[in-house]
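Q: First the structure, which I've put down as structure tokens, then a few questions once you've had a look.
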Amino acid sequence: MNDSNRPGNTDPSFDPPQDPGPPNQPASLSRKSAEAGPSGAPGWERATLEKLVFASLNEQKATRRWKTFVRLSWLAFFIFLVWMALQRSASVTAATAPHTAVVEIKGEIAAGADASAEFVNAALRVAFEDKGAKAIVLLINSPGGSPVQAGMINDEILRLKALHNKPVYAVVEETCASAAYYIAVSADKIFVDKASIVGSIGVLMDGFGFTGLMDKLGVERRLLTAGENKGFLDPFSPQTETQRAFAQGMLNQIHQQFIAVVKAGRGDRLKETPGMFSGLFWSGQQSVELGLSDQLGNLDYVAREVVKAEEIIDYTRRDNVAERLAKKFGAAMGEGAIKAFKALPALR
């Protein structure tokens, strides 16, 4: 008998074979099944569900935090607007010490512009009503603009002067022409720099005519009107002599109104010449010689030597940062509302 058949033999080649498990099953899968526990529920599925739940909760928390941040930002924005408005009103009302009040008239004089009658007159009223304002200075740098807006400002200055009995001085920087000079003559005195541009006492109406070009291109203008002059000044229609004469008569009338205001404001100081009301303009030094202005001087000189109140406070009506932001926000909201409205189905 061979010794290898003895019961105590431990030769591994003769150990009973182990059950390899079901055929074609990977060993790793067998181990995971063994680790799943007696309940039989796989552990990876539970871990995945937990991750999904926690991710959803975190996303909801982040959304709530973002909404809270946006709401607090809007609240801070509106508080800032209110604070800026209060600061602005407080800075004006607190100016009760003796000072020279300044209202700027800069740029084009037109409705909706910074130099509109709405803004300028509002600033003038605040300046005149301030007991500390010893005089009002119109700081002018404008090429002109609307005669209507200029006339409204001129009338308001004359009214406030009579009501509050305070002097008004005009100080010209670079330019005081046309409608700007219309405003300046309401002042008691006009101060200019020797190189300033002053004058241009005239009225114009400009436009373009394209009838000749349309004939060359073979384009036909189809304009339907009820009233023979309803298409008056249409750039694509020919202008008749009657229409031209009508427009010229209207301009002449406005020009005479301008001349009357200048003569009333300057009085005997005006040394009238043939070309004075022809639309010409002059340097500041020439304007003093012609009586269109009174003397050379700037804002500091007028405050120090004429008004005798060196402190200068600006009453000019301007949009501050908060107001500009509010306007932009309002415009954006309006544009969005219009787009949303256009997207709605039309009613039939």
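Just so we're on the same page: first chain in the structure tokens is A, next is B, and so on; residues restart at 1 for each chain, and ligands are numbered from 1 in the order they show up.
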Name the residues of stretch 25-256 of chain A that come out as strand (DSSP E) in a backbone DSSP run; write them as a PDB file with all heavy atoms, in the first residue's frame.

A:
ATOM      1  N   HIS A  99     -25.445 132.694   0.804  1.00  0.00           N
ATOM      2  CA  HIS A  99     -24.708 132.058  -0.278  1.00  0.00           C
ATOM      3  C   HIS A  99     -25.231 132.570  -1.615  1.00  0.00           C
ATOM      4  O   HIS A  99     -26.253 133.260  -1.689  1.00  0.00           O
ATOM      5  CB  HIS A  99     -24.859 130.533  -0.212  1.00  0.00           C
ATOM      6  CG  HIS A  99     -26.273 130.069  -0.368  1.00  0.00           C
ATOM      7  ND1 HIS A  99     -27.146 129.959   0.688  1.00  0.00           N
ATOM      8  CD2 HIS A  99     -26.991 129.681  -1.462  1.00  0.00           C
ATOM      9  CE1 HIS A  99     -28.323 129.547   0.271  1.00  0.00           C
ATOM     10  NE2 HIS A  99     -28.263 129.369  -1.039  1.00  0.00           N
ATOM     11  N   THR A 100     -24.502 132.204  -2.661  1.00  0.00           N
ATOM     12  CA  THR A 100     -24.905 132.487  -4.039  1.00  0.00           C
ATOM     13  C   THR A 100     -25.502 131.218  -4.636  1.00  0.00           C
ATOM     14  O   THR A 100     -24.848 130.178  -4.668  1.00  0.00           O
ATOM     15  CB  THR A 100     -23.705 132.941  -4.884  1.00  0.00           C
ATOM     16  OG1 THR A 100     -23.161 134.139  -4.325  1.00  0.00           O
ATOM     17  CG2 THR A 100     -24.115 133.202  -6.321  1.00  0.00           C
ATOM     18  N   ALA A 101     -26.728 131.314  -5.070  1.00  0.00           N
ATOM     19  CA  ALA A 101     -27.412 130.146  -5.645  1.00  0.00           C
ATOM     20  C   ALA A 101     -27.133 130.068  -7.141  1.00  0.00           C
ATOM     21  O   ALA A 101     -27.225 131.078  -7.851  1.00  0.00           O
ATOM     22  CB  ALA A 101     -28.916 130.239  -5.398  1.00  0.00           C
ATOM     23  N   VAL A 102     -26.796 128.882  -7.611  1.00  0.00           N
ATOM     24  CA  VAL A 102     -26.457 128.671  -9.018  1.00  0.00           C
ATOM     25  C   VAL A 102     -27.419 127.668  -9.635  1.00  0.00           C
ATOM     26  O   VAL A 102     -27.713 126.627  -9.047  1.00  0.00           O
ATOM     27  CB  VAL A 102     -25.008 128.169  -9.171  1.00  0.00           C
ATOM     28  CG1 VAL A 102     -24.711 127.808 -10.622  1.00  0.00           C
ATOM     29  CG2 VAL A 102     -24.033 129.219  -8.696  1.00  0.00           C
ATOM     30  N   VAL A 103     -27.912 128.009 -10.815  1.00  0.00           N
ATOM     31  CA  VAL A 103     -28.716 127.090 -11.615  1.00  0.00           C
ATOM     32  C   VAL A 103     -28.072 127.015 -12.994  1.00  0.00           C
ATOM     33  O   VAL A 103     -27.968 128.038 -13.688  1.00  0.00           O
ATOM     34  CB  VAL A 103     -30.180 127.550 -11.720  1.00  0.00           C
ATOM     35  CG1 VAL A 103     -30.957 126.628 -12.654  1.00  0.00           C
ATOM     36  CG2 VAL A 103     -30.833 127.599 -10.346  1.00  0.00           C
ATOM     37  N   GLU A 104     -27.637 125.838 -13.392  1.00  0.00           N
ATOM     38  CA  GLU A 104     -26.960 125.670 -14.680  1.00  0.00           C
ATOM     39  C   GLU A 104     -27.965 125.504 -15.808  1.00  0.00           C
ATOM     40  O   GLU A 104     -28.996 124.856 -15.667  1.00  0.00           O
ATOM     41  CB  GLU A 104     -26.038 124.458 -14.638  1.00  0.00           C
ATOM     42  CG  GLU A 104     -24.821 124.619 -13.745  1.00  0.00           C
ATOM     43  CD  GLU A 104     -23.899 123.431 -13.833  1.00  0.00           C
ATOM     44  OE1 GLU A 104     -24.240 122.463 -14.550  1.00  0.00           O
ATOM     45  OE2 GLU A 104     -22.839 123.448 -13.179  1.00  0.00           O
ATOM     46  N   ILE A 105     -27.630 126.095 -16.946  1.00  0.00           N
ATOM     47  CA  ILE A 105     -28.371 125.888 -18.197  1.00  0.00           C
ATOM     48  C   ILE A 105     -27.332 125.469 -19.223  1.00  0.00           C
ATOM     49  O   ILE A 105     -26.679 126.309 -19.841  1.00  0.00           O
ATOM     50  CB  ILE A 105     -29.118 127.161 -18.620  1.00  0.00           C
ATOM     51  CG1 ILE A 105     -30.113 127.571 -17.535  1.00  0.00           C
ATOM     52  CG2 ILE A 105     -29.835 126.949 -19.950  1.00  0.00           C
ATOM     53  CD1 ILE A 105     -30.798 128.891 -17.801  1.00  0.00           C
ATOM     54  N   LYS A 106     -27.186 124.184 -19.388  1.00  0.00           N
ATOM     55  CA  LYS A 106     -26.127 123.654 -20.241  1.00  0.00           C
ATOM     56  C   LYS A 106     -26.703 122.680 -21.256  1.00  0.00           C
ATOM     57  O   LYS A 106     -27.641 121.944 -20.976  1.00  0.00           O
ATOM     58  CB  LYS A 106     -25.053 122.953 -19.403  1.00  0.00           C
ATOM     59  CG  LYS A 106     -24.274 123.912 -18.512  1.00  0.00           C
ATOM     60  CD  LYS A 106     -23.048 123.263 -17.920  1.00  0.00           C
ATOM     61  CE  LYS A 106     -22.206 124.276 -17.151  1.00  0.00           C
ATOM     62  NZ  LYS A 106     -20.954 123.685 -16.619  1.00  0.00           N
ATOM     63  N   ALA A 133     -30.239 132.306   0.090  1.00  0.00           N
ATOM     64  CA  ALA A 133     -29.775 132.663  -1.257  1.00  0.00           C
ATOM     65  C   ALA A 133     -29.881 134.177  -1.436  1.00  0.00           C
ATOM     66  O   ALA A 133     -30.976 134.728  -1.462  1.00  0.00           O
ATOM     67  CB  ALA A 133     -30.594 131.935  -2.303  1.00  0.00           C
ATOM     68  N   LYS A 134     -28.756 134.850  -1.540  1.00  0.00           N
ATOM     69  CA  LYS A 134     -28.746 136.307  -1.698  1.00  0.00           C
ATOM     70  C   LYS A 134     -28.979 136.725  -3.139  1.00  0.00           C
ATOM     71  O   LYS A 134     -29.434 137.839  -3.399  1.00  0.00           O
ATOM     72  CB  LYS A 134     -27.409 136.883  -1.206  1.00  0.00           C
ATOM     73  CG  LYS A 134     -27.154 136.620   0.268  1.00  0.00           C
ATOM     74  CD  LYS A 134     -28.293 137.144   1.127  1.00  0.00           C
ATOM     75  CE  LYS A 134     -28.102 136.838   2.604  1.00  0.00           C
ATOM     76  NZ  LYS A 134     -29.264 137.262   3.405  1.00  0.00           N
ATOM     77  N   ALA A 135     -28.645 135.865  -4.069  1.00  0.00           N
ATOM     78  CA  ALA A 135     -28.863 136.137  -5.492  1.00  0.00           C
ATOM     79  C   ALA A 135     -28.831 134.815  -6.236  1.00  0.00           C
ATOM     80  O   ALA A 135     -28.298 133.814  -5.742  1.00  0.00           O
ATOM     81  CB  ALA A 135     -27.813 137.093  -6.044  1.00  0.00           C
ATOM     82  N   ILE A 136     -29.402 134.827  -7.422  1.00  0.00           N
ATOM     83  CA  ILE A 136     -29.438 133.621  -8.256  1.00  0.00           C
ATOM     84  C   ILE A 136     -28.585 133.881  -9.491  1.00  0.00           C
ATOM     85  O   ILE A 136     -28.728 134.913 -10.151  1.00  0.00           O
ATOM     86  CB  ILE A 136     -30.875 133.241  -8.651  1.00  0.00           C
ATOM     87  CG1 ILE A 136     -31.623 132.642  -7.456  1.00  0.00           C
ATOM     88  CG2 ILE A 136     -30.873 132.213  -9.771  1.00  0.00           C
ATOM     89  CD1 ILE A 136     -32.134 133.645  -6.464  1.00  0.00           C
ATOM     90  N   VAL A 137     -27.699 132.951  -9.782  1.00  0.00           N
ATOM     91  CA  VAL A 137     -26.831 133.045 -10.954  1.00  0.00           C
ATOM     92  C   VAL A 137     -27.222 131.970 -11.952  1.00  0.00           C
ATOM     93  O   VAL A 137     -27.282 130.783 -11.603  1.00  0.00           O
ATOM     94  CB  VAL A 137     -25.350 132.896 -10.569  1.00  0.00           C
ATOM     95  CG1 VAL A 137     -24.480 132.847 -11.825  1.00  0.00           C
ATOM     96  CG2 VAL A 137     -24.912 134.050  -9.683  1.00  0.00           C
ATOM     97  N   LEU A 138     -27.494 132.381 -13.184  1.00  0.00           N
ATOM     98  CA  LEU A 138     -27.733 131.442 -14.272  1.00  0.00           C
ATOM     99  C   LEU A 138     -26.395 131.161 -14.944  1.00  0.00           C
ATOM    100  O   LEU A 138     -25.831 132.039 -15.600  1.00  0.00           O
ATOM    101  CB  LEU A 138     -28.719 132.027 -15.288  1.00  0.00           C
ATOM    102  CG  LEU A 138     -30.059 132.514 -14.746  1.00  0.00           C
ATOM    103  CD1 LEU A 138     -30.848 133.228 -15.847  1.00  0.00           C
ATOM    104  CD2 LEU A 138     -30.863 131.362 -14.174  1.00  0.00           C
ATOM    105  N   LEU A 139     -25.870 129.972 -14.751  1.00  0.00           N
ATOM    106  CA  LEU A 139     -24.592 129.595 -15.354  1.00  0.00           C
ATOM    107  C   LEU A 139     -24.893 128.953 -16.705  1.00  0.00           C
ATOM    108  O   LEU A 139     -25.375 127.824 -16.785  1.00  0.00           O
ATOM    109  CB  LEU A 139     -23.835 128.630 -14.449  1.00  0.00           C
ATOM    110  CG  LEU A 139     -22.403 128.301 -14.847  1.00  0.00           C
ATOM    111  CD1 LEU A 139     -21.534 129.553 -14.887  1.00  0.00           C
ATOM    112  CD2 LEU A 139     -21.802 127.273 -13.887  1.00  0.00           C
ATOM    113  N   ILE A 140     -24.609 129.689 -17.786  1.00  0.00           N
ATOM    114  CA  ILE A 140     -25.094 129.311 -19.115  1.00  0.00           C
ATOM    115  C   ILE A 140     -23.945 128.838 -20.007  1.00  0.00           C
ATOM    116  O   ILE A 140     -22.898 129.491 -20.097  1.00  0.00           O
ATOM    117  CB  ILE A 140     -25.815 130.497 -19.784  1.00  0.00           C
ATOM    118  CG1 ILE A 140     -27.003 130.937 -18.929  1.00  0.00           C
ATOM    119  CG2 ILE A 140     -26.284 130.139 -21.184  1.00  0.00           C
ATOM    120  CD1 ILE A 140     -27.709 132.176 -19.447  1.00  0.00           C
ATOM    121  N   ASN A 141     -24.167 127.721 -20.639  1.00  0.00           N
ATOM    122  CA  ASN A 141     -23.277 127.220 -21.688  1.00  0.00           C
ATOM    123  C   ASN A 141     -24.134 126.394 -22.634  1.00  0.00           C
ATOM    124  O   ASN A 141     -24.226 125.171 -22.510  1.00  0.00           O
ATOM    125  CB  ASN A 141     -22.138 126.396 -21.100  1.00  0.00           C
ATOM    126  CG  ASN A 141     -21.165 125.945 -22.167  1.00  0.00           C
ATOM    127  OD1 ASN A 141     -21.201 126.416 -23.299  1.00  0.00           O
ATOM    128  ND2 ASN A 141     -20.288 125.018 -21.820  1.00  0.00           N
ATOM    129  N   SER A 142     -24.788 127.060 -23.571  1.00  0.00           N
ATOM    130  CA  SER A 142     -25.761 126.382 -24.430  1.00  0.00           C
ATOM    131  C   SER A 142     -25.809 127.043 -25.800  1.00  0.00           C
ATOM    132  O   SER A 142     -25.772 128.272 -25.901  1.00  0.00           O
ATOM    133  CB  SER A 142     -27.151 126.439 -23.782  1.00  0.00           C
ATOM    134  OG  SER A 142     -28.145 125.990 -24.669  1.00  0.00           O
ATOM    135  N   VAL A 168     -30.969 138.563 -10.167  1.00  0.00           N
ATOM    136  CA  VAL A 168     -30.591 137.424 -10.998  1.00  0.00           C
ATOM    137  C   VAL A 168     -29.468 137.869 -11.930  1.00  0.00           C
ATOM    138  O   VAL A 168     -29.572 138.918 -12.585  1.00  0.00           O
ATOM    139  CB  VAL A 168     -31.779 136.897 -11.823  1.00  0.00           C
ATOM    140  CG1 VAL A 168     -31.338 135.763 -12.734  1.00  0.00           C
ATOM    141  CG2 VAL A 168     -32.898 136.424 -10.902  1.00  0.00           C
ATOM    142  N   TYR A 169     -28.408 137.079 -11.980  1.00  0.00           N
ATOM    143  CA  TYR A 169     -27.274 137.375 -12.856  1.00  0.00           C
ATOM    144  C   TYR A 169     -27.035 136.182 -13.773  1.00  0.00           C
ATOM    145  O   TYR A 169     -27.165 135.025 -13.355  1.00  0.00           O
ATOM    146  CB  TYR A 169     -26.012 137.668 -12.047  1.00  0.00           C
ATOM    147  CG  TYR A 169     -26.184 138.793 -11.054  1.00  0.00           C
ATOM    148  CD1 TYR A 169     -26.267 138.533  -9.687  1.00  0.00           C
ATOM    149  CD2 TYR A 169     -26.279 140.114 -11.485  1.00  0.00           C
ATOM    150  CE1 TYR A 169     -26.432 139.559  -8.778  1.00  0.00           C
ATOM    151  CE2 TYR A 169     -26.459 141.148 -10.577  1.00  0.00           C
ATOM    152  CZ  TYR A 169     -26.535 140.868  -9.223  1.00  0.00           C
ATOM    153  OH  TYR A 169     -26.717 141.889  -8.322  1.00  0.00           O
ATOM    154  N   ALA A 170     -26.692 136.475 -15.008  1.00  0.00           N
ATOM    155  CA  ALA A 170     -26.334 135.432 -15.968  1.00  0.00           C
ATOM    156  C   ALA A 170     -24.824 135.451 -16.165  1.00  0.00           C
ATOM    157  O   ALA A 170     -24.244 136.516 -16.405  1.00  0.00           O
ATOM    158  CB  ALA A 170     -27.047 135.643 -17.300  1.00  0.00           C
ATOM    159  N   VAL A 171     -24.210 134.288 -16.054  1.00  0.00           N
ATOM    160  CA  VAL A 171     -22.770 134.143 -16.290  1.00  0.00           C
ATOM    161  C   VAL A 171     -22.588 133.180 -17.454  1.00  0.00           C
ATOM    162  O   VAL A 171     -23.005 132.022 -17.381  1.00  0.00           O
ATOM    163  CB  VAL A 171     -22.043 133.625 -15.036  1.00  0.00           C
ATOM    164  CG1 VAL A 171     -20.571 133.371 -15.345  1.00  0.00           C
ATOM    165  CG2 VAL A 171     -22.176 134.621 -13.894  1.00  0.00           C
ATOM    166  N   VAL A 172     -21.972 133.675 -18.524  1.00  0.00           N
ATOM    167  CA  VAL A 172     -21.798 132.878 -19.742  1.00  0.00           C
ATOM    168  C   VAL A 172     -20.415 132.233 -19.719  1.00  0.00           C
ATOM    169  O   VAL A 172     -19.408 132.902 -19.456  1.00  0.00           O
ATOM    170  CB  VAL A 172     -21.953 133.753 -20.996  1.00  0.00           C
ATOM    171  CG1 VAL A 172     -21.727 132.924 -22.252  1.00  0.00           C
ATOM    172  CG2 VAL A 172     -23.322 134.412 -21.008  1.00  0.00           C
ATOM    173  N   GLU A 173     -20.375 130.948 -20.000  1.00  0.00           N
ATOM    174  CA  GLU A 173     -19.093 130.259 -20.145  1.00  0.00           C
ATOM    175  C   GLU A 173     -18.701 130.283 -21.628  1.00  0.00           C
ATOM    176  O   GLU A 173     -18.309 131.325 -22.128  1.00  0.00           O
ATOM    177  CB  GLU A 173     -19.201 128.843 -19.589  1.00  0.00           C
ATOM    178  CG  GLU A 173     -19.407 128.840 -18.082  1.00  0.00           C
ATOM    179  CD  GLU A 173     -19.415 127.452 -17.488  1.00  0.00           C
ATOM    180  OE1 GLU A 173     -19.866 126.503 -18.161  1.00  0.00           O
ATOM    181  OE2 GLU A 173     -18.963 127.326 -16.329  1.00  0.00           O
ATOM    182  N   GLU A 174     -18.813 129.177 -22.347  1.00  0.00           N
ATOM    183  CA  GLU A 174     -18.403 129.178 -23.753  1.00  0.00           C
ATOM    184  C   GLU A 174     -19.435 129.831 -24.672  1.00  0.00           C
ATOM    185  O   GLU A 174     -19.091 130.673 -25.498  1.00  0.00           O
ATOM    186  CB  GLU A 174     -18.138 127.742 -24.233  1.00  0.00           C
ATOM    187  CG  GLU A 174     -16.786 127.188 -23.830  1.00  0.00           C
ATOM    188  CD  GLU A 174     -16.816 126.610 -22.442  1.00  0.00           C
ATOM    189  OE1 GLU A 174     -17.914 126.577 -21.848  1.00  0.00           O
ATOM    190  OE2 GLU A 174     -15.755 126.226 -21.935  1.00  0.00           O
ATOM    191  N   THR A 175     -20.704 129.431 -24.539  1.00  0.00           N
ATOM    192  CA  THR A 175     -21.704 129.833 -25.529  1.00  0.00           C
ATOM    193  C   THR A 175     -23.001 130.248 -24.853  1.00  0.00           C
ATOM    194  O   THR A 175     -23.454 129.601 -23.901  1.00  0.00           O
ATOM    195  CB  THR A 175     -22.000 128.666 -26.498  1.00  0.00           C
ATOM    196  OG1 THR A 175     -20.767 128.200 -27.058  1.00  0.00           O
ATOM    197  CG2 THR A 175     -22.917 129.113 -27.622  1.00  0.00           C
ATOM    198  N   CYS A 176     -23.568 131.327 -25.377  1.00  0.00           N
ATOM    199  CA  CYS A 176     -24.911 131.754 -24.973  1.00  0.00           C
ATOM    200  C   CYS A 176     -25.586 132.279 -26.240  1.00  0.00           C
ATOM    201  O   CYS A 176     -25.560 133.473 -26.532  1.00  0.00           O
ATOM    202  CB  CYS A 176     -24.856 132.829 -23.888  1.00  0.00           C
ATOM    203  SG  CYS A 176     -26.470 133.416 -23.352  1.00  0.00           S
ATOM    204  N   ALA A 177     -26.157 131.352 -27.000  1.00  0.00           N
ATOM    205  CA  ALA A 177     -26.688 131.708 -28.316  1.00  0.00           C
ATOM    206  C   ALA A 177     -28.147 131.327 -28.421  1.00  0.00           C
ATOM    207  O   ALA A 177     -28.637 130.426 -27.741  1.00  0.00           O
ATOM    208  CB  ALA A 177     -25.892 130.998 -29.414  1.00  0.00           C
ATOM    209  N   LYS A 189     -28.086 141.426 -14.917  1.00  0.00           N
ATOM    210  CA  LYS A 189     -26.827 141.688 -15.595  1.00  0.00           C
ATOM    211  C   LYS A 189     -26.325 140.392 -16.225  1.00  0.00           C
ATOM    212  O   LYS A 189     -26.581 139.299 -15.714  1.00  0.00           O
ATOM    213  CB  LYS A 189     -25.770 142.231 -14.627  1.00  0.00           C
ATOM    214  CG  LYS A 189     -25.956 143.691 -14.252  1.00  0.00           C
ATOM    215  CD  LYS A 189     -24.758 144.194 -13.448  1.00  0.00           C
ATOM    216  CE  LYS A 189     -24.883 145.683 -13.159  1.00  0.00           C
ATOM    217  NZ  LYS A 189     -23.705 146.204 -12.413  1.00  0.00           N
ATOM    218  N   ILE A 190     -25.599 140.549 -17.340  1.00  0.00           N
ATOM    219  CA  ILE A 190     -25.015 139.410 -18.039  1.00  0.00           C
ATOM    220  C   ILE A 190     -23.501 139.553 -18.020  1.00  0.00           C
ATOM    221  O   ILE A 190     -22.964 140.579 -18.483  1.00  0.00           O
ATOM    222  CB  ILE A 190     -25.518 139.318 -19.492  1.00  0.00           C
ATOM    223  CG1 ILE A 190     -27.041 139.164 -19.519  1.00  0.00           C
ATOM    224  CG2 ILE A 190     -24.860 138.139 -20.207  1.00  0.00           C
ATOM    225  CD1 ILE A 190     -27.621 139.168 -20.919  1.00  0.00           C
ATOM    226  N   PHE A 191     -22.816 138.549 -17.483  1.00  0.00           N
ATOM    227  CA  PHE A 191     -21.361 138.530 -17.423  1.00  0.00           C
ATOM    228  C   PHE A 191     -20.844 137.481 -18.402  1.00  0.00           C
ATOM    229  O   PHE A 191     -21.389 136.372 -18.489  1.00  0.00           O
ATOM    230  CB  PHE A 191     -20.885 138.206 -16.008  1.00  0.00           C
ATOM    231  CG  PHE A 191     -21.244 139.252 -14.988  1.00  0.00           C
ATOM    232  CD1 PHE A 191     -22.501 139.244 -14.385  1.00  0.00           C
ATOM    233  CD2 PHE A 191     -20.351 140.239 -14.627  1.00  0.00           C
ATOM    234  CE1 PHE A 191     -22.849 140.190 -13.446  1.00  0.00           C
ATOM    235  CE2 PHE A 191     -20.691 141.199 -13.694  1.00  0.00           C
ATOM    236  CZ  PHE A 191     -21.947 141.184 -13.092  1.00  0.00           C
ATOM    237  N   VAL A 192     -19.784 137.819 -19.131  1.00  0.00           N
ATOM    238  CA  VAL A 192     -19.251 136.924 -20.162  1.00  0.00           C
ATOM    239  C   VAL A 192     -17.740 136.859 -20.060  1.00  0.00           C
ATOM    240  O   VAL A 192     -17.102 137.707 -19.420  1.00  0.00           O
ATOM    241  CB  VAL A 192     -19.641 137.408 -21.577  1.00  0.00           C
ATOM    242  CG1 VAL A 192     -21.142 137.393 -21.766  1.00  0.00           C
ATOM    243  CG2 VAL A 192     -19.076 138.808 -21.841  1.00  0.00           C
ATOM    244  N   ILE A 197     -19.136 133.090 -26.930  1.00  0.00           N
ATOM    245  CA  ILE A 197     -19.958 133.314 -28.116  1.00  0.00           C
ATOM    246  C   ILE A 197     -21.348 133.749 -27.643  1.00  0.00           C
ATOM    247  O   ILE A 197     -22.010 133.022 -26.900  1.00  0.00           O
ATOM    248  CB  ILE A 197     -20.061 132.046 -28.978  1.00  0.00           C
ATOM    249  CG1 ILE A 197     -18.671 131.615 -29.452  1.00  0.00           C
ATOM    250  CG2 ILE A 197     -20.996 132.271 -30.159  1.00  0.00           C
ATOM    251  CD1 ILE A 197     -17.968 132.638 -30.318  1.00  0.00           C
ATOM    252  N   VAL A 198     -21.777 134.933 -28.088  1.00  0.00           N
ATOM    253  CA  VAL A 198     -23.032 135.514 -27.606  1.00  0.00           C
ATOM    254  C   VAL A 198     -23.838 136.012 -28.802  1.00  0.00           C
ATOM    255  O   VAL A 198     -23.291 136.594 -29.743  1.00  0.00           O
ATOM    256  CB  VAL A 198     -22.761 136.688 -26.631  1.00  0.00           C
ATOM    257  CG1 VAL A 198     -24.076 137.276 -26.124  1.00  0.00           C
ATOM    258  CG2 VAL A 198     -21.899 136.233 -25.471  1.00  0.00           C
ATOM    259  N   GLY A 199     -25.160 135.786 -28.746  1.00  0.00           N
ATOM    260  CA  GLY A 199     -26.029 136.356 -29.776  1.00  0.00           C
ATOM    261  C   GLY A 199     -26.848 135.317 -30.499  1.00  0.00           C
ATOM    262  O   GLY A 199     -27.532 134.518 -29.890  1.00  0.00           O
TER     263      GLY A 199
END

Q: Tell me which of A:Asp114, A:Ala127, A:Asp300, A:Leu270 sits closest to A:Leu160, counting only C-alpha atoms.

A: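 Distance minimum relative to A:Leu160 lands on A:Ala127.
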
Q: Provide the atom CA of A:Lys263 to atom CA of A:Ser186 distance in Å, to one decimal place.

A: 10.5 Å

Q: DSSP on the backbone: which residues in stretch 63-250 of chain A end up as helix (DSSP H, G or I)? Give the answer as a PyMOL selection string.

A: chain A and resi 63-93+117-129+147-164+179-184+211-217+241-250

Q: Could you name the residues that touch A:Ile183 at 10 Å or less, counting only C-alpha atoms, but leaving out those on the same chain fewer than 4 positions away, as a ChimeraX atom specification?

A: /A:105,138,140,144,147,149-155,157,170,176-179,187,261-262,265

Q: What does the distance between atom CA of A:Val288 and atom CA of A:Lys194 come to in Å, to one decimal place?

A: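 Straight-line distance from atom CA of A:Val288 to atom CA of A:Lys194 works out to 8.8 Å.
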
Q: Nearest to A:Gly145 among A:Ala97, A:Val307, A:Leu52, A:Ala117, with distances taken over only C-alpha atoms: which residue is it?

A: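 The shortest atom-to-atom distance to A:Gly145 comes from A:Ala117.
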